[in-house]
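Here's protein-v5.csv, which has CSV, C-alpha atoms:
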```csv
chain,number,residue,atom,x,y,z
A,22,MET,CA,4.4,-38.8,0.2
A,23,GLU,CA,0.7,-38.0,0.0
A,24,THR,CA,-2.1,-39.1,-2.3
A,25,LYS,CA,-3.4,-36.1,-4.1
A,26,TYR,CA,-5.8,-35.7,-7.0
A,27,ASN,CA,-4.0,-34.8,-10.2
A,28,SER,CA,-6.5,-33.8,-12.8
A,29,TRP,CA,-4.1,-33.7,-15.7
A,30,ARG,CA,-3.3,-37.4,-15.0
A,31,GLY,CA,-6.9,-38.3,-14.8
A,32,GLY,CA,-7.1,-39.6,-11.2
A,33,TYR,CA,-5.2,-40.2,-8.0
A,34,ARG,CA,-1.5,-41.1,-7.7
A,35,GLN,CA,1.3,-40.7,-5.2
A,36,MET,CA,2.7,-37.1,-5.4
A,37,SER,CA,5.5,-35.6,-3.3
A,38,ASP,CA,5.4,-32.1,-2.0
A,39,GLU,CA,8.2,-31.2,-4.3
A,40,GLU,CA,6.1,-32.3,-7.3
A,41,ASN,CA,3.1,-30.3,-6.1
A,42,THR,CA,5.3,-27.2,-5.6
A,43,GLN,CA,6.5,-27.5,-9.2
A,44,ILE,CA,2.9,-27.7,-10.4
A,45,VAL,CA,1.9,-24.5,-8.6
A,46,LYS,CA,5.0,-22.7,-9.9
A,47,LYS,CA,4.1,-23.7,-13.4
A,48,SER,CA,0.6,-22.3,-12.9
A,49,ARG,CA,2.4,-18.9,-12.4
A,50,LEU,CA,-0.4,-17.8,-10.2
A,51,THR,CA,2.2,-17.3,-7.5
A,52,CYS,CA,3.6,-14.4,-9.6
A,53,CYS,CA,0.6,-12.4,-8.5
A,54,CYS,CA,-0.3,-14.0,-5.2
A,55,GLY,CA,3.2,-14.5,-3.8
A,56,GLY,CA,4.7,-17.6,-2.2
A,57,LYS,CA,7.2,-18.7,0.5
A,58,ASN,CA,10.9,-18.9,0.4
A,59,LYS,CA,11.4,-16.6,-2.6
A,60,SER,CA,14.8,-15.4,-3.6
A,61,MET,CA,15.6,-11.7,-4.0
A,62,LYS,CA,15.5,-12.1,-7.8
A,63,GLU,CA,12.1,-13.7,-7.7
A,64,THR,CA,10.7,-11.1,-5.3
A,65,PHE,CA,11.9,-8.3,-7.6
A,66,TRP,CA,10.3,-10.1,-10.5
A,67,TYR,CA,7.0,-10.4,-8.7
A,68,TYR,CA,7.0,-6.8,-7.8
A,69,TRP,CA,7.8,-5.8,-11.4
A,70,ILE,CA,4.9,-7.9,-12.7
A,71,LEU,CA,2.7,-6.2,-10.1
A,72,PHE,CA,3.9,-2.8,-11.2
A,73,ARG,CA,3.3,-3.6,-14.9
A,74,THR,CA,-0.2,-4.8,-14.1
A,75,MET,CA,-1.1,-1.7,-12.2
A,76,TYR,CA,0.5,0.6,-14.7
A,77,PRO,CA,0.1,-1.0,-18.2
A,78,SER,CA,1.0,2.3,-20.0
A,79,PHE,CA,1.6,6.0,-19.5
A,80,LEU,CA,-1.9,6.6,-20.9
A,81,SER,CA,-3.7,4.3,-18.5
A,82,ASN,CA,-6.2,5.6,-15.9
A,83,SER,CA,-4.0,4.5,-13.0
A,84,PHE,CA,-1.1,6.6,-14.3
A,85,GLY,CA,-3.3,9.7,-14.7
A,86,TYR,CA,-4.8,9.2,-11.2
A,87,THR,CA,-1.3,8.9,-9.8
A,88,LEU,CA,-0.3,12.2,-11.3
A,89,ILE,CA,-3.4,14.0,-10.0
A,90,LEU,CA,-2.8,12.5,-6.6
A,91,ILE,CA,0.8,13.7,-6.5
A,92,VAL,CA,-0.2,17.2,-7.6
A,93,THR,CA,-3.0,17.4,-5.0
A,94,ALA,CA,-0.7,16.2,-2.3
A,95,VAL,CA,1.9,18.8,-3.1
A,96,ALA,CA,-0.7,21.5,-3.2
A,97,LYS,CA,-2.0,20.3,0.2
A,98,GLN,CA,1.5,20.4,1.7
A,99,VAL,CA,2.2,23.9,0.4
A,100,ASN,CA,-1.0,25.3,1.8
A,101,ILE,CA,-0.4,23.6,5.2
A,102,TYR,CA,3.0,25.2,5.3
A,103,ASN,CA,1.5,28.6,4.5
A,104,ILE,CA,-1.1,28.1,7.2
A,105,GLY,CA,1.7,27.6,9.7
A,106,LEU,CA,3.1,31.0,8.8
A,107,VAL,CA,-0.2,32.9,9.2
A,108,PRO,CA,-0.4,33.0,13.1
A,109,SER,CA,2.7,35.1,13.4
A,110,THR,CA,1.2,37.7,11.1
A,111,PHE,CA,-1.9,37.7,13.3
A,112,TYR,CA,0.1,38.8,16.3
A,113,LEU,CA,1.8,41.5,14.3
A,114,SER,CA,-1.5,43.0,13.1
A,115,LEU,CA,-2.8,42.9,16.7
A,116,LEU,CA,0.2,44.7,18.0
A,117,ASP,CA,0.0,47.3,15.3
A,118,ASN,CA,-3.8,47.6,16.0
A,119,SER,CA,-4.4,47.4,12.2
A,120,ARG,CA,-8.0,46.4,11.6
A,121,GLU,CA,-7.6,46.2,7.8
A,122,GLU,CA,-4.5,44.0,8.0
A,123,PHE,CA,-6.2,41.7,10.4
A,124,LYS,CA,-9.2,41.3,8.0
A,125,ASN,CA,-6.9,40.6,5.1
A,126,ILE,CA,-5.0,38.0,7.1
A,127,LEU,CA,-8.3,36.4,8.3
A,128,TRP,CA,-9.5,36.1,4.7
A,129,GLU,CA,-6.2,34.6,3.6
A,130,MET,CA,-6.5,32.1,6.5
A,131,CYS,CA,-10.0,31.1,5.4
A,132,ILE,CA,-9.0,30.6,1.8
A,133,LEU,CA,-6.0,28.5,2.9
A,134,VAL,CA,-8.2,26.3,5.1
A,135,ILE,CA,-10.8,25.8,2.4
A,136,THR,CA,-8.1,24.9,-0.1
A,137,VAL,CA,-6.6,22.3,2.2
A,138,SER,CA,-10.0,20.9,2.8
A,139,LEU,CA,-10.6,20.6,-0.9
A,140,CYS,CA,-7.2,19.0,-1.4
A,141,VAL,CA,-7.9,16.4,1.4
A,142,THR,CA,-11.2,15.5,-0.2
A,143,THR,CA,-9.8,15.3,-3.7
A,144,GLU,CA,-6.9,13.2,-2.4
A,145,SER,CA,-9.2,10.7,-0.7
A,146,LEU,CA,-11.4,10.5,-3.8
A,147,ILE,CA,-8.4,9.9,-6.1
A,148,GLN,CA,-7.0,7.3,-3.7
A,149,ASP,CA,-10.2,5.3,-3.8
A,150,LEU,CA,-10.4,5.5,-7.6
A,151,LEU,CA,-6.8,4.4,-8.0
A,152,ALA,CA,-7.3,1.5,-5.6
A,153,LEU,CA,-10.4,0.4,-7.5
A,154,THR,CA,-8.5,0.6,-10.8
A,155,TRP,CA,-5.6,-1.4,-9.4
A,156,ARG,CA,-7.9,-4.0,-7.9
A,157,PHE,CA,-9.8,-4.4,-11.1
A,158,ARG,CA,-6.7,-5.1,-13.1
A,159,LEU,CA,-5.0,-7.4,-10.6
A,160,THR,CA,-8.2,-9.4,-10.0
A,161,ASN,CA,-8.7,-9.9,-13.8
A,162,LYS,CA,-5.1,-11.0,-14.3
A,163,ILE,CA,-5.2,-13.5,-11.4
A,164,GLN,CA,-8.6,-14.8,-12.4
A,165,LEU,CA,-7.3,-15.5,-15.9
A,166,LYS,CA,-4.3,-17.4,-14.5
A,167,TYR,CA,-6.5,-19.1,-11.9
A,168,PHE,CA,-8.9,-20.6,-14.4
A,169,GLN,CA,-6.3,-21.4,-17.0
A,170,ALA,CA,-5.8,-25.1,-17.9
A,171,ASN,CA,-5.8,-27.1,-14.6
A,172,ASN,CA,-4.4,-24.4,-12.3
A,173,ILE,CA,-7.4,-24.3,-10.1
A,174,GLN,CA,-7.3,-28.1,-9.3
A,175,ASN,CA,-3.6,-28.1,-8.8
A,176,ILE,CA,-3.7,-25.1,-6.4
A,177,LEU,CA,-6.7,-26.3,-4.4
A,178,HIS,CA,-5.1,-29.7,-3.8
A,179,ASN,CA,-1.7,-28.2,-2.8
A,180,ARG,CA,-2.6,-26.0,0.1
A,181,LYS,CA,0.8,-26.2,1.7
A,182,VAL,CA,2.3,-24.0,-1.0
A,183,LEU,CA,-0.6,-21.6,-1.6
A,184,ASP,CA,-3.5,-21.7,0.9
A,185,ASN,CA,-6.9,-20.2,0.4
A,186,PRO,CA,-6.6,-18.7,-3.1
A,187,ASP,CA,-10.2,-17.4,-3.1
A,188,GLN,CA,-9.4,-15.5,0.1
A,189,ARG,CA,-6.3,-14.1,-1.4
A,190,ILE,CA,-8.1,-13.0,-4.6
A,191,THR,CA,-10.8,-11.2,-2.6
A,192,GLN,CA,-9.4,-9.9,0.6
A,193,ASP,CA,-5.6,-9.7,0.0
A,194,ILE,CA,-5.9,-7.8,-3.3
A,195,TYR,CA,-8.4,-5.4,-1.7
A,196,ARG,CA,-6.1,-4.6,1.2
A,197,LEU,CA,-3.0,-4.5,-1.0
A,198,THR,CA,-4.5,-1.9,-3.4
A,199,LYS,CA,-6.2,0.1,-0.7
A,200,GLN,CA,-3.0,0.4,1.4
A,201,MET,CA,-0.8,1.0,-1.6
A,202,ALA,CA,-3.0,3.9,-2.7
A,203,GLU,CA,-2.8,5.4,0.8
A,204,ILE,CA,0.9,5.2,1.1
A,205,LEU,CA,1.9,6.0,-2.4
A,206,VAL,CA,2.0,9.8,-1.9
A,207,ASN,CA,3.9,9.3,1.4
A,208,ILE,CA,6.5,7.2,-0.3
A,209,ILE,CA,7.1,9.8,-3.0
A,210,LEU,CA,6.8,13.1,-1.0
A,211,LYS,CA,7.8,12.2,2.6
A,212,PRO,CA,11.6,12.0,1.9
A,213,PHE,CA,11.6,15.5,0.5
A,214,ILE,CA,9.5,16.8,3.3
A,215,ILE,CA,11.8,15.2,5.9
A,216,ILE,CA,14.9,16.6,4.3
A,217,TYR,CA,13.3,20.1,4.1
A,218,TYR,CA,12.1,20.2,7.7
A,219,THR,CA,15.4,18.7,8.9
A,220,TYR,CA,17.2,21.6,7.3
A,221,GLN,CA,14.8,24.1,8.9
A,222,VAL,CA,15.3,22.5,12.3
A,223,TRP,CA,19.1,22.6,11.8
A,224,ILE,CA,18.9,26.3,11.0
A,225,SER,CA,16.6,27.2,13.8
A,226,VAL,CA,18.0,25.2,16.8
A,227,GLY,CA,21.1,23.5,15.5
A,228,TRP,CA,22.3,19.9,15.7
A,229,LEU,CA,20.7,19.3,19.1
A,230,GLY,CA,17.2,19.8,17.7
A,231,VAL,CA,17.8,17.4,14.8
A,232,VAL,CA,19.3,14.7,17.1
A,233,SER,CA,16.3,15.1,19.5
A,234,VAL,CA,13.7,14.8,16.7
A,235,TYR,CA,15.3,11.7,15.2
A,236,SER,CA,15.9,10.1,18.6
A,237,LEU,CA,12.2,10.5,19.4
A,238,PHE,CA,11.4,9.0,16.0
A,239,ILE,CA,13.6,5.9,16.5
A,240,LEU,CA,12.3,5.4,20.0
A,241,SER,CA,8.7,5.5,18.8
A,242,VAL,CA,9.4,3.1,16.0
A,243,PHE,CA,11.0,0.7,18.5
A,244,ILE,CA,8.0,0.9,20.8
A,245,ASN,CA,5.5,0.5,18.0
A,246,LYS,CA,7.4,-2.6,16.7
A,247,LEU,CA,7.2,-4.2,20.1
A,248,LEU,CA,3.5,-3.5,20.5
A,249,LEU,CA,2.5,-4.4,16.9
A,250,ASN,CA,4.3,-7.6,16.4
A,251,PRO,CA,1.9,-9.7,18.5
A,252,VAL,CA,-1.0,-8.0,16.9
A,253,VAL,CA,0.2,-8.6,13.4
A,254,ASN,CA,0.7,-12.3,14.1
A,255,LYS,CA,-2.8,-12.6,15.5
A,256,VAL,CA,-4.3,-10.8,12.4
A,257,ILE,CA,-2.4,-13.2,10.1
A,258,ARG,CA,-3.7,-16.2,12.0
A,259,ARG,CA,-7.2,-14.9,12.0
A,260,GLU,CA,-7.1,-14.3,8.2
A,261,GLN,CA,-5.8,-17.8,7.7
A,262,TRP,CA,-8.5,-19.4,9.8
A,263,GLU,CA,-11.1,-17.4,8.1
A,264,GLY,CA,-9.9,-18.7,4.7
A,265,ASP,CA,-9.8,-22.2,6.0
A,266,PHE,CA,-13.3,-21.9,7.3
A,267,ARG,CA,-14.6,-20.7,3.9
A,268,PHE,CA,-12.6,-23.5,2.2
A,269,VAL,CA,-14.1,-26.3,4.4
A,270,PHE,CA,-17.7,-25.1,4.4
```
Whole structure given in structure tokens:
Amino acid sequence: METKYNSWRGGYRQMSDEENTQIVKKSRLTCCCGGKNKSMKETFWYYWILFRTMYPSFLSNSFGYTLILIVTAVAKQVNIYNIGLVPSTFYLSLLDNSREEFKNILWEMCILVITVSLCVTTESLIQDLLALTWRFRLTNKIQLKYFQANNIQNILHNRKVLDNPDQRITQDIYRLTKQMAEILVNIILKPFIIIYYTYQVWISVGWLGVVSVYSLFILSVFINKLLLNPVVNKVIRREQWEGDFRFVF
């Protein structure tokens, strides 16, 4: 039992951790910021609220940015694939000693490279705009919940359930939206790209090539996990200490 300030009671009284947990849950801020020990159903519900906040309708800016981002990413992948086919035609033109064909292939290569550069630039711009739109909507939603009724007092005096809310609103939302905008295209397109190139490897070199590629991938994932786990834990602790420092001072 701890003595904590409870503004809706008008003063101090003995409150258990369970009571404080219920207060924070009633504030519903955890629906946006998350919490500990969530069930699968609650986790799914939180992600659904997150999705509905980022995409309020099919006519929203975020939905339009997402469509443009997908189209740009597809165009980039198609042009990159075509660039990979050009070098073989270079060799054929050199063997045939055809100057005109070499010039045409060179112009085609230049156009493809310029197109890929434009796609990369456009993709980066749309990602930033999409992340900014998401951050604006999420921050507004959380701020409305944060300053509703006595939520701010209840949360600030129950740091065991939700620590450093200001830090979460500023830094966590920024990183969440930035990283989601960066991986959105990969989540949508990468499965199709992996399936396509797996099929191409199977046709070219057979099952041995497919097994070799996936074995290398699994090995690299395992090594990255071993190396990144300590780093991730340190980053989490640093962010927590930074939030504690801002809260104290």
### Query
From the list A:Phe72, A:Phe157, A:Trp262, A:Phe65, which residue is nearest A:Gln188 when using all atoms listed in the file?
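So, comparing all the options, the nearest one is A:Trp262.
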Hey, can I get the axis-aligned box for stretch 137-142 of chain A? All listed atoms, 5 Å padding on each side, centre and edge lengths in Å to one decimal, as AutoDock Vina command-line options.
```
--center_x -8.9 --center_y 18.9 --center_z 0.7 --size_x 14.6 --size_y 16.8 --size_z 14.2
```
### Summary
What separates atom CA of A:Ser225 and atom CA of A:Val99 is a distance of 19.9 Å
### Task
May I ask for the distance between atom CA of A:Ala152 and atom CA of A:Lys199, given in Å to one decimal place?
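Between atom CA of A:Ala152 and atom CA of A:Lys199 the gap is 5.2 Å.
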### Message
Given all atoms listed in the file as the basis, pick out the residue of A:Tyr218, A:Tyr195, A:His178, A:Met201 nearest to A:Tyr102.
### Response
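Between A:Tyr218, A:Tyr195, A:His178, A:Met201, the residue approaching A:Tyr102 most closely is A:Tyr218.
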### Task
Identify which of the residues A:Met75, A:Leu165, A:Leu153, A:Leu127 lies closest to A:Arg196, counting all atoms listed in the file when measuring atom-to-atom distances.
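Going through A:Met75, A:Leu165, A:Leu153, A:Leu127 one by one, the smallest distance to A:Arg196 is for A:Leu153.
The gap separating atom CA of A:Leu133 from atom CA of A:Ile104 is 6.5 Å, in Å to one decimal.
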### Neighbour list for A:Thr136 as a VMD selection string, cut-off 9 Å, all atoms listed in the file, skip fewer than 3 positions in-chain
chain A and resid 96 to 97 100 131 to 133 139 to 141
### Message
Need the shell around A:Ser83: protein/DNA/RNA residues with any atom at most 8 Å away, counting all atoms listed in the file. Skip same-chain ones fewer than 2 positions apart. Format as number ranges by chain?
### Response
A: 75-76, 81, 85-87, 151, 154-155
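Nearest to A:Asn103 of all the residues A:Asp117, A:Glu129, A:Asp149, A:Glu144 is A:Glu129, counting only C-alpha atoms.
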### Message
When you count all atoms listed in the file, which of these residues is closest to A:Val107: A:Val134, A:Gln200, A:Ile126, A:Arg258?
### Response
A:Ile126
### Task
Give the answer as one residue: which of A:Leu159, A:Ile101, A:Ile215, A:Leu240 has the shortest atom-to-atom distance to A:Ile190, using all atoms listed in the file?
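The answer is A:Leu159, which sits nearest to A:Ile190.
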